[in-house]
Structures are given as C-alpha cells and as structure tokens.
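File shown: upload_29.csv (CSV, N, CA and C atoms and all ligand atoms).
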```
chain,number,residue,atom,x,y,z
A,1,MET,N,0.8,-1.2,0.0
A,1,MET,CA,0.0,0.0,0.0
A,1,MET,C,0.9,1.2,0.0
A,2,ALA,N,0.5,2.2,-0.8
A,2,ALA,CA,1.3,3.4,-0.9
A,2,ALA,C,1.3,4.2,0.4
A,3,ARG,N,2.4,4.8,0.7
A,3,ARG,CA,2.5,5.6,2.0
A,3,ARG,C,1.8,6.9,1.8
A,4,ARG,N,1.4,7.4,2.9
A,4,ARG,CA,0.8,8.8,3.0
A,4,ARG,C,1.9,9.8,2.8
A,5,ASP,N,1.6,10.9,2.1
A,5,ASP,CA,2.5,12.0,1.9
A,5,ASP,C,2.6,12.9,3.1
A,6,TRP,N,3.3,12.5,4.1
A,6,TRP,CA,3.3,13.3,5.4
A,6,TRP,C,4.1,14.6,5.2
A,7,TYR,N,4.9,14.7,4.1
A,7,TYR,CA,5.7,15.9,3.9
A,7,TYR,C,4.7,17.0,3.5
A,8,CYS,N,3.8,16.8,2.6
A,8,CYS,CA,2.8,17.8,2.2
A,8,CYS,C,1.7,17.9,3.3
A,9,GLU,N,1.2,16.8,3.8
A,9,GLU,CA,0.0,16.8,4.7
A,9,GLU,C,0.4,17.3,6.1
A,10,ASP,N,1.5,17.0,6.5
A,10,ASP,CA,1.9,17.4,7.9
A,10,ASP,C,2.9,18.5,8.0
A,11,VAL,N,4.0,18.4,7.3
A,11,VAL,CA,5.1,19.3,7.5
A,11,VAL,C,4.9,20.6,6.7
A,12,LEU,N,4.6,20.5,5.4
A,12,LEU,CA,4.5,21.8,4.6
A,12,LEU,C,3.2,22.5,5.0
A,13,SER,N,2.2,21.7,5.4
A,13,SER,CA,0.9,22.4,5.9
A,13,SER,C,1.1,23.1,7.2
A,14,GLY,N,2.1,22.8,7.9
A,14,GLY,CA,2.3,23.4,9.2
A,14,GLY,C,1.7,22.6,10.4
A,15,LYS,N,1.0,21.5,10.1
A,15,LYS,CA,0.3,20.7,11.1
A,15,LYS,C,1.3,20.1,12.1
A,16,LEU,N,2.4,19.7,11.6
A,16,LEU,CA,3.5,19.1,12.4
A,16,LEU,C,4.6,20.1,12.5
A,17,GLU,N,4.9,20.5,13.7
A,17,GLU,CA,6.0,21.5,13.9
A,17,GLU,C,7.4,20.8,13.8
A,18,VAL,N,8.2,21.3,12.9
A,18,VAL,CA,9.5,20.6,12.7
A,18,VAL,C,10.6,21.6,13.1
A,19,LYS,N,11.8,21.1,13.4
A,19,LYS,CA,12.9,22.0,13.7
A,19,LYS,C,13.7,22.2,12.4
A,20,LYS,N,13.4,23.4,11.8
A,20,LYS,CA,14.0,23.8,10.6
A,20,LYS,C,15.5,24.2,10.8
A,21,ILE,N,16.3,23.8,9.8
A,21,ILE,CA,17.7,24.1,9.8
A,21,ILE,C,18.0,25.1,8.7
A,22,TRP,N,17.4,25.0,7.6
A,22,TRP,CA,17.6,25.9,6.5
A,22,TRP,C,16.4,25.9,5.5
A,23,GLU,N,16.1,27.0,4.9
A,23,GLU,CA,15.1,27.0,3.8
A,23,GLU,C,15.3,28.1,2.9
A,24,ASP,N,14.8,28.0,1.7
A,24,ASP,CA,14.7,29.1,0.7
A,24,ASP,C,13.3,29.0,0.2
A,25,GLU,N,13.0,29.7,-0.9
A,25,GLU,CA,11.7,29.7,-1.5
A,25,GLU,C,11.2,28.3,-2.1
A,26,ARG,N,12.2,27.5,-2.4
A,26,ARG,CA,11.9,26.2,-3.0
A,26,ARG,C,12.1,25.0,-2.1
A,27,VAL,N,12.9,25.1,-1.1
A,27,VAL,CA,13.3,23.9,-0.3
A,27,VAL,C,13.3,24.1,1.2
A,28,LEU,N,13.0,23.0,1.9
A,28,LEU,CA,13.1,23.1,3.4
A,28,LEU,C,13.9,21.9,3.9
A,29,ALA,N,14.8,22.2,4.8
A,29,ALA,CA,15.6,21.2,5.5
A,29,ALA,C,15.3,21.2,7.0
A,30,PHE,N,15.0,20.1,7.6
A,30,PHE,CA,14.6,20.0,9.0
A,30,PHE,C,15.1,18.7,9.6
A,31,HIS,N,15.2,18.7,10.9
A,31,HIS,CA,15.5,17.5,11.7
A,31,HIS,C,14.4,16.5,11.5
A,32,HIS,N,14.7,15.3,11.2
A,32,HIS,CA,13.7,14.2,11.1
A,32,HIS,C,13.1,14.0,12.5
A,33,PRO,N,11.7,14.0,12.5
A,33,PRO,CA,11.1,13.9,13.9
A,33,PRO,C,11.3,12.5,14.5
A,34,HIS,N,11.7,11.5,13.7
A,34,HIS,CA,12.0,10.2,14.3
A,34,HIS,C,13.4,9.8,13.7
A,35,PRO,N,14.4,10.4,14.2
A,35,PRO,CA,15.8,10.2,13.6
A,35,PRO,C,16.3,8.8,13.7
A,36,GLN,N,16.9,8.3,12.7
A,36,GLN,CA,17.5,7.0,12.6
A,36,GLN,C,19.0,7.1,13.0
A,37,ALA,N,19.5,8.3,13.3
A,37,ALA,CA,20.9,8.4,13.7
A,37,ALA,C,21.0,9.7,14.5
A,38,GLU,N,22.1,9.9,15.1
A,38,GLU,CA,22.3,11.1,16.0
A,38,GLU,C,21.9,12.4,15.2
A,39,ILE,N,22.4,12.5,14.0
A,39,ILE,CA,22.0,13.6,13.1
A,39,ILE,C,21.3,13.0,11.9
A,40,HIS,N,20.1,13.4,11.7
A,40,HIS,CA,19.3,12.8,10.6
A,40,HIS,C,18.3,14.0,10.2
A,41,VAL,N,18.7,14.5,9.0
A,41,VAL,CA,18.0,15.7,8.5
A,41,VAL,C,17.3,15.3,7.2
A,42,VAL,N,16.1,15.9,6.9
A,42,VAL,CA,15.5,15.6,5.6
A,42,VAL,C,15.4,16.9,4.8
A,43,VAL,N,15.7,16.8,3.5
A,43,VAL,CA,15.5,18.0,2.6
A,43,VAL,C,14.4,17.6,1.6
A,44,ILE,N,13.4,18.6,1.6
A,44,ILE,CA,12.3,18.3,0.7
A,44,ILE,C,12.0,19.6,-0.2
A,45,PRO,N,11.5,19.4,-1.4
A,45,PRO,CA,11.0,20.5,-2.1
A,45,PRO,C,9.7,21.0,-1.5
A,46,LYS,N,9.4,22.3,-1.5
A,46,LYS,CA,8.2,22.9,-0.9
A,46,LYS,C,7.0,22.6,-1.9
A,47,ALA,N,7.3,22.5,-3.2
A,47,ALA,CA,6.2,22.1,-4.1
A,47,ALA,C,6.2,20.6,-4.1
A,48,HIS,N,5.0,20.1,-4.4
A,48,HIS,CA,4.9,18.6,-4.4
A,48,HIS,C,5.6,18.0,-5.7
A,49,VAL,N,6.6,17.3,-5.4
A,49,VAL,CA,7.3,16.5,-6.5
A,49,VAL,C,7.2,15.1,-6.0
A,50,PRO,N,6.5,14.2,-6.8
A,50,PRO,CA,6.3,12.9,-6.3
A,50,PRO,C,7.5,12.0,-6.0
A,51,SER,N,8.5,12.1,-6.8
A,51,SER,CA,9.7,11.3,-6.6
A,51,SER,C,10.9,11.8,-7.5
A,52,LEU,N,12.0,11.3,-7.2
A,52,LEU,CA,13.2,11.6,-8.0
A,52,LEU,C,13.0,11.3,-9.5
A,53,LEU,N,12.1,10.4,-9.8
A,53,LEU,CA,11.8,10.0,-11.2
A,53,LEU,C,10.9,10.9,-11.9
A,54,ASP,N,10.3,11.8,-11.2
A,54,ASP,CA,9.3,12.7,-11.8
A,54,ASP,C,10.1,13.8,-12.6
A,55,PRO,N,9.6,14.2,-13.8
A,55,PRO,CA,10.3,15.2,-14.6
A,55,PRO,C,10.5,16.5,-13.8
A,56,MET,N,9.6,16.9,-12.9
A,56,MET,CA,9.8,18.1,-12.1
A,56,MET,C,11.1,18.1,-11.3
A,57,ALA,N,11.6,16.8,-11.0
A,57,ALA,CA,12.8,16.7,-10.2
A,57,ALA,C,14.0,17.2,-11.0
A,58,LEU,N,13.9,17.4,-12.3
A,58,LEU,CA,15.0,17.8,-13.2
A,58,LEU,C,15.1,19.3,-13.2
A,59,ASP,N,14.2,20.0,-12.6
A,59,ASP,CA,14.3,21.5,-12.6
A,59,ASP,C,15.6,22.0,-12.0
A,60,GLY,N,16.4,22.8,-12.8
A,60,GLY,CA,17.7,23.2,-12.3
A,60,GLY,C,17.7,24.0,-11.1
A,61,LYS,N,16.7,24.9,-10.9
A,61,LYS,CA,16.7,25.8,-9.8
A,61,LYS,C,16.4,24.9,-8.5
A,62,LEU,N,15.5,23.9,-8.7
A,62,LEU,CA,15.2,23.1,-7.5
A,62,LEU,C,16.4,22.3,-7.1
A,63,LEU,N,17.1,21.7,-8.1
A,63,LEU,CA,18.3,20.9,-7.8
A,63,LEU,C,19.3,21.7,-7.1
A,64,SER,N,19.5,23.0,-7.6
A,64,SER,CA,20.5,23.9,-7.0
A,64,SER,C,20.1,24.2,-5.5
A,65,SER,N,18.8,24.4,-5.3
A,65,SER,CA,18.4,24.6,-3.9
A,65,SER,C,18.6,23.4,-3.0
A,66,MET,N,18.3,22.2,-3.6
A,66,MET,CA,18.5,21.0,-2.8
A,66,MET,C,19.9,20.8,-2.4
A,67,MET,N,20.9,21.1,-3.4
A,67,MET,CA,22.3,21.0,-3.1
A,67,MET,C,22.7,22.0,-2.1
A,68,GLN,N,22.2,23.2,-2.2
A,68,GLN,CA,22.5,24.3,-1.3
A,68,GLN,C,22.1,23.9,0.1
A,69,ALA,N,20.9,23.3,0.2
A,69,ALA,CA,20.4,22.8,1.5
A,69,ALA,C,21.4,21.8,2.1
A,70,VAL,N,21.9,20.9,1.3
A,70,VAL,CA,22.9,19.9,1.8
A,70,VAL,C,24.1,20.6,2.4
A,71,GLN,N,24.6,21.6,1.6
A,71,GLN,CA,25.8,22.3,2.0
A,71,GLN,C,25.6,23.1,3.3
A,72,GLN,N,24.4,23.8,3.3
A,72,GLN,CA,24.1,24.6,4.5
A,72,GLN,C,24.0,23.7,5.8
A,73,VAL,N,23.3,22.6,5.6
A,73,VAL,CA,23.1,21.7,6.8
A,73,VAL,C,24.5,21.1,7.2
A,74,ALA,N,25.3,20.8,6.3
A,74,ALA,CA,26.6,20.2,6.6
A,74,ALA,C,27.4,21.2,7.4
A,75,HIS,N,27.4,22.5,7.0
A,75,HIS,CA,28.2,23.5,7.7
A,75,HIS,C,27.6,23.8,9.0
A,76,LYS,N,26.3,24.0,9.1
A,76,LYS,CA,25.6,24.4,10.3
A,76,LYS,C,25.7,23.3,11.4
A,77,LEU,N,25.7,22.1,11.0
A,77,LEU,CA,25.7,21.0,12.0
A,77,LEU,C,27.0,20.3,12.2
A,78,GLY,N,28.1,20.9,11.5
A,78,GLY,CA,29.4,20.4,11.7
A,78,GLY,C,29.7,19.1,11.0
A,79,LEU,N,28.8,18.7,10.1
A,79,LEU,CA,29.0,17.5,9.3
A,79,LEU,C,30.2,17.6,8.3
A,80,ASP,N,30.5,18.9,8.0
A,80,ASP,CA,31.7,19.1,7.1
A,80,ASP,C,33.0,18.6,7.8
A,81,ARG,N,33.0,18.4,9.1
A,81,ARG,CA,34.1,17.9,9.8
A,81,ARG,C,34.0,16.4,10.1
A,82,THR,N,32.8,15.9,10.4
A,82,THR,CA,32.6,14.6,10.9
A,82,THR,C,32.2,13.6,9.8
A,83,GLY,N,31.7,14.1,8.7
A,83,GLY,CA,31.3,13.2,7.6
A,83,GLY,C,29.8,12.9,7.6
A,84,PHE,N,29.2,12.6,6.5
A,84,PHE,CA,27.8,12.4,6.3
A,84,PHE,C,27.5,11.7,5.0
A,85,TYR,N,26.4,11.1,4.9
A,85,TYR,CA,25.9,10.7,3.6
A,85,TYR,C,24.6,11.2,3.2
A,86,VAL,N,24.3,11.3,2.0
A,86,VAL,CA,22.9,11.7,1.5
A,86,VAL,C,22.3,10.5,0.8
A,87,ARG,N,21.1,10.2,1.2
A,87,ARG,CA,20.4,9.1,0.6
A,87,ARG,C,19.1,9.6,0.0
A,88,ALA,N,18.8,9.2,-1.3
A,88,ALA,CA,17.6,9.6,-1.9
A,88,ALA,C,16.9,8.2,-2.3
A,89,ASN,N,15.9,7.8,-1.6
A,89,ASN,CA,15.2,6.6,-2.0
A,89,ASN,C,13.9,7.0,-2.7
A,90,ALA,N,13.6,6.1,-3.6
A,90,ALA,CA,12.4,6.4,-4.5
A,90,ALA,C,11.9,5.1,-5.0
A,91,ALA,N,10.6,5.2,-5.5
A,91,ALA,CA,10.0,4.1,-6.3
A,91,ALA,C,9.5,2.9,-5.5
A,92,ALA,N,10.1,2.6,-4.3
A,92,ALA,CA,9.6,1.5,-3.5
A,92,ALA,C,8.2,1.8,-2.9
A,93,PRO,N,7.3,0.8,-2.8
A,93,PRO,CA,5.9,1.1,-2.3
A,93,PRO,C,5.9,1.7,-0.9
A,94,ASP,N,6.9,1.4,-0.1
A,94,ASP,CA,6.9,1.9,1.3
A,94,ASP,C,7.6,3.2,1.4
A,95,VAL,N,8.0,3.9,0.3
A,95,VAL,CA,8.6,5.2,0.4
A,95,VAL,C,7.6,6.3,0.3
A,96,THR,N,7.7,7.3,1.2
A,96,THR,CA,6.8,8.4,1.1
A,96,THR,C,6.8,9.1,-0.3
A,97,PRO,N,5.6,9.3,-0.9
A,97,PRO,CA,5.6,9.7,-2.3
A,97,PRO,C,5.8,11.3,-2.4
A,98,HIS,N,6.9,11.8,-1.9
A,98,HIS,CA,7.2,13.2,-2.0
A,98,HIS,C,8.8,13.1,-2.0
A,99,MET,N,9.4,13.7,-3.1
A,99,MET,CA,10.8,13.6,-3.2
A,99,MET,C,11.5,14.1,-1.9
A,100,HIS,N,12.5,13.4,-1.4
A,100,HIS,CA,13.2,13.8,-0.2
A,100,HIS,C,14.6,13.1,-0.2
A,101,TRP,N,15.5,13.9,0.4
A,101,TRP,CA,16.8,13.4,0.6
A,101,TRP,C,17.1,13.3,2.1
A,102,HIS,N,17.7,12.2,2.5
A,102,HIS,CA,18.1,12.1,3.9
A,102,HIS,C,19.5,12.4,4.0
A,103,ILE,N,19.9,13.3,5.0
A,103,ILE,CA,21.3,13.6,5.3
A,103,ILE,C,21.5,13.0,6.6
A,104,VAL,N,22.5,12.1,6.7
A,104,VAL,CA,22.7,11.3,7.9
A,104,VAL,C,24.2,11.5,8.3
A,105,GLY,N,24.4,12.0,9.5
A,105,GLY,CA,25.8,12.2,10.0
A,105,GLY,C,26.4,10.8,10.3
A,106,LEU,N,27.7,10.7,10.1
A,106,LEU,CA,28.4,9.4,10.3
A,106,LEU,C,28.8,9.4,11.8
A,107,SER,N,28.5,8.3,12.5
A,107,SER,CA,29.0,8.1,13.8
A,107,SER,C,30.4,7.7,13.7
A,108,SER,N,31.2,7.7,14.8
A,108,SER,CA,32.6,7.3,14.7
A,108,SER,C,32.7,5.8,14.1
A,109,HIS,N,31.7,5.0,14.5
A,109,HIS,CA,31.7,3.6,14.0
A,109,HIS,C,31.5,3.6,12.5
A,110,ASP,N,30.5,4.4,12.0
A,110,ASP,CA,30.3,4.4,10.6
A,110,ASP,C,31.5,4.9,9.8
A,111,LEU,N,32.1,6.0,10.5
A,111,LEU,CA,33.3,6.6,9.8
A,111,LEU,C,34.4,5.5,9.7
A,112,ASP,N,34.6,4.7,10.7
A,112,ASP,CA,35.6,3.7,10.6
A,112,ASP,C,35.4,2.7,9.5
A,113,SER,N,34.1,2.3,9.4
A,113,SER,CA,33.8,1.3,8.4
A,113,SER,C,33.8,1.9,7.0
A,114,SER,N,33.4,3.2,6.9
A,114,SER,CA,33.4,3.8,5.6
A,114,SER,C,34.9,4.0,5.1
A,115,LEU,N,35.8,4.2,6.0
A,115,LEU,CA,37.2,4.4,5.6
A,115,LEU,C,37.8,3.1,5.0
A,116,GLN,N,37.2,2.0,5.3
A,116,GLN,CA,37.7,0.7,4.8
A,116,GLN,C,37.3,0.5,3.3
A,117,ASN,N,36.3,1.2,2.9
A,117,ASN,CA,35.8,1.0,1.5
A,117,ASN,C,36.4,1.9,0.5
A,201,ZN,ZN,3.9,16.1,-1.4
```

Kindly present the structure from the file in structure tokens form.
Amino acid sequence: MARRDWYCEDVLSGKLEVKKIWEDERVLAFHHPHPQAEIHVVVIPKAHVPSLLDPMALDGKLLSSMMQAVQQVAHKLGLDRTGFYVRANAAAPDVTPHMHWHIVGLSSHDLDSSLQN
C-alpha cells in the first residue's frame, strides 16, 4: 500500500512543527522527527514533487536549492568535519511519495567502516 505523503500533509501544511535548519523559497531542511541516527535531516521541495523519477525533479533551480540545503546543513551541524551521507530513496511502495533526501551524520563507527571502503 502506498505511503501517506506526510511531507505535504503534515510538514508543509504546518500541522506538524519541525525543527528547521535551512530553507529558501523552493526547499526546506529540517531535523527528522524520528531520527535514525544522531544527526538525521530531511531535505524536501516545498512544491509537491512525487519522486526523483518525476520530470519536475529535473528542474535546475530546484536541484540547486536541494544541493545548497545539503551544504548549509553540513556547515551548520558540523558535518563538514565529521562526515555524512545523502540518501535519496524512491519508487519502492513503502517510500513516502514526495521527493526527499536524507542527510545522515556518520557516527565514529560508521566513519571507521566507511574508511575501509
Ligand atoms: Zn507532497
């Protein structure tokens, strides 16, 4: 069963209060309300873009804002010193149907294992 679009319905509507880190007119970056790591941030377009595979995801201004959000989050949260990864999952039935990138800070354990690859 397709997941509910909680980014539009809860976050962008203002129903769910989130801790914003950075935003511009196209993009919002906020702490994930149920973090999977010590630092877990989500970057979403403010307009509804269903997934990475949608033609709207190719918009150059949107992509530039998404990347700027990643850089701003990295600088503001110190991830530029400790390391992080960006994950964009799409197309699976259990993925929220609104384009989103997860920014996850590396723990010291993750950092050790990533250095071996
Ligand atoms: Zn949406």

Could you name the residues that touch Ala47 (chain A) at 8 Å or less, counting all atoms listed in the file, but leaving out those on the same chain fewer than 6 positions away, as a compact mmCIF listing (two decimals) with N, CA and C atoms, in the coordinates of the input?
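As written to disk, selection13.txt reads:
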```
# COMPACT_ATOMS: atom_id res chain seq x y z
N CYS A 8 3.80 16.80 2.60
CA CYS A 8 2.80 17.80 2.20
C CYS A 8 1.70 17.90 3.30
N GLU A 25 13.00 29.70 -0.90
CA GLU A 25 11.70 29.70 -1.50
C GLU A 25 11.20 28.30 -2.10
N ARG A 26 12.20 27.50 -2.40
CA ARG A 26 11.90 26.20 -3.00
C ARG A 26 12.10 25.00 -2.10
N VAL A 27 12.90 25.10 -1.10
CA VAL A 27 13.30 23.90 -0.30
C VAL A 27 13.30 24.10 1.20
N LEU A 28 13.00 23.00 1.90
CA LEU A 28 13.10 23.10 3.40
C LEU A 28 13.90 21.90 3.90
N HIS A 98 6.90 11.80 -1.90
CA HIS A 98 7.20 13.20 -2.00
C HIS A 98 8.80 13.10 -2.00
N MET A 99 9.40 13.70 -3.10
CA MET A 99 10.80 13.60 -3.20
C MET A 99 11.50 14.10 -1.90
```

ask   = Between A:Pro50, A:Pro35, A:Pro93, A:Gly105, which has the minimum distance to ligand ZN 201 (chain A) (counting all atoms listed in the file)?
value = A:Pro50

Considering only C-alpha atoms and all ligand atoms, tabulate each residue of chain A that lies at most 9 Å from ligand ZN 201 (chain A) along with its nearest interatomic pair and the corresponding distance in Å to one decimal; arrange the rows by chain and ascending residue number and present them as a Markdown table.
```
| residue | atom | partner | partner_atom | distance |
| --- | --- | --- | --- | --- |
| A:Asp5 | CA | A:ZN201 | ZN | 5.4 |
| A:Trp6 | CA | A:ZN201 | ZN | 7.4 |
| A:Tyr7 | CA | A:ZN201 | ZN | 5.6 |
| A:Cys8 | CA | A:ZN201 | ZN | 4.1 |
| A:Glu9 | CA | A:ZN201 | ZN | 7.3 |
| A:Leu12 | CA | A:ZN201 | ZN | 8.3 |
| A:Ile44 | CA | A:ZN201 | ZN | 8.9 |
| A:Pro45 | CA | A:ZN201 | ZN | 8.4 |
| A:Lys46 | CA | A:ZN201 | ZN | 8.1 |
| A:Ala47 | CA | A:ZN201 | ZN | 7.0 |
| A:His48 | CA | A:ZN201 | ZN | 4.0 |
| A:Val49 | CA | A:ZN201 | ZN | 6.1 |
| A:Pro50 | CA | A:ZN201 | ZN | 6.3 |
| A:Thr96 | CA | A:ZN201 | ZN | 8.6 |
| A:Pro97 | CA | A:ZN201 | ZN | 6.7 |
| A:His98 | CA | A:ZN201 | ZN | 4.4 |
| A:Met99 | CA | A:ZN201 | ZN | 7.6 |
```

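Counting only N, CA and C atoms and comparing A:Ala69, A:Arg4, A:Gln36, A:Asn89, the residue that lies closest to Asp24 (chain A) is A:Ala69.
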
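Atom pair atom N of Glu23 (chain A) / CA of Arg81 (chain A) has a distance of 20.8 Å (rounded to one decimal).
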
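Relative to CA of His102 (chain A), CA of Asp54 (chain A) is found at 18.0 Å.
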
7 Å contact set for Leu106 (chain A), only N, CA and C atoms, chain neighbours under 6 positions out, as an mmCIF file with N, CA and C atoms, in the frame of the given file:
```
data_model
loop_
_atom_site.group_PDB
_atom_site.id
_atom_site.type_symbol
_atom_site.label_atom_id
_atom_site.label_comp_id
_atom_site.auth_asym_id
_atom_site.auth_seq_id
_atom_site.Cartn_x
_atom_site.Cartn_y
_atom_site.Cartn_z
ATOM 1 N N ILE A 39 22.400 12.500 14.000
ATOM 2 C CA ILE A 39 22.000 13.600 13.100
ATOM 3 C C ILE A 39 21.300 13.000 11.900
ATOM 4 N N LEU A 79 28.800 18.700 10.100
ATOM 5 C CA LEU A 79 29.000 17.500 9.300
ATOM 6 C C LEU A 79 30.200 17.600 8.300
ATOM 7 N N THR A 82 32.800 15.900 10.400
ATOM 8 C CA THR A 82 32.600 14.600 10.900
ATOM 9 C C THR A 82 32.200 13.600 9.800
ATOM 10 N N GLY A 83 31.700 14.100 8.700
ATOM 11 C CA GLY A 83 31.300 13.200 7.600
ATOM 12 C C GLY A 83 29.800 12.900 7.600
ATOM 13 N N PHE A 84 29.200 12.600 6.500
ATOM 14 C CA PHE A 84 27.800 12.400 6.300
ATOM 15 C C PHE A 84 27.500 11.700 5.000
ATOM 16 N N TYR A 85 26.400 11.100 4.900
ATOM 17 C CA TYR A 85 25.900 10.700 3.600
ATOM 18 C C TYR A 85 24.600 11.200 3.200
#
```

key: Residues near Lys20 (chain A), cut-off 6 Å, all atoms listed in the file, skip fewer than 6 positions along chain, as an MDAnalysis selection string   = chainID A and resid 29:31

task = Return as number ranges by chain the full set of residues in chain A whose backbone-based DSSP assignment is helix (DSSP H, G or I).
result = A: 6-12, 55-58, 60-76, 79-82, 108-115

task = List every residue of chain A that DSSP, applied to the backbone of this structure, places in strand (DSSP E or B), and write the result as JSON, numbers by chain.
result = {"A": [20, 21, 22, 23, 27, 28, 29, 30, 31, 40, 41, 42, 43, 44, 45, 84, 85, 86, 87, 101, 102, 103, 104, 105]}

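Residue nearest Glu17 (chain A), chosen from A:Pro33, A:Ala91, A:Gln71, A:Trp101 and counting all atoms listed in the file: A:Pro33.
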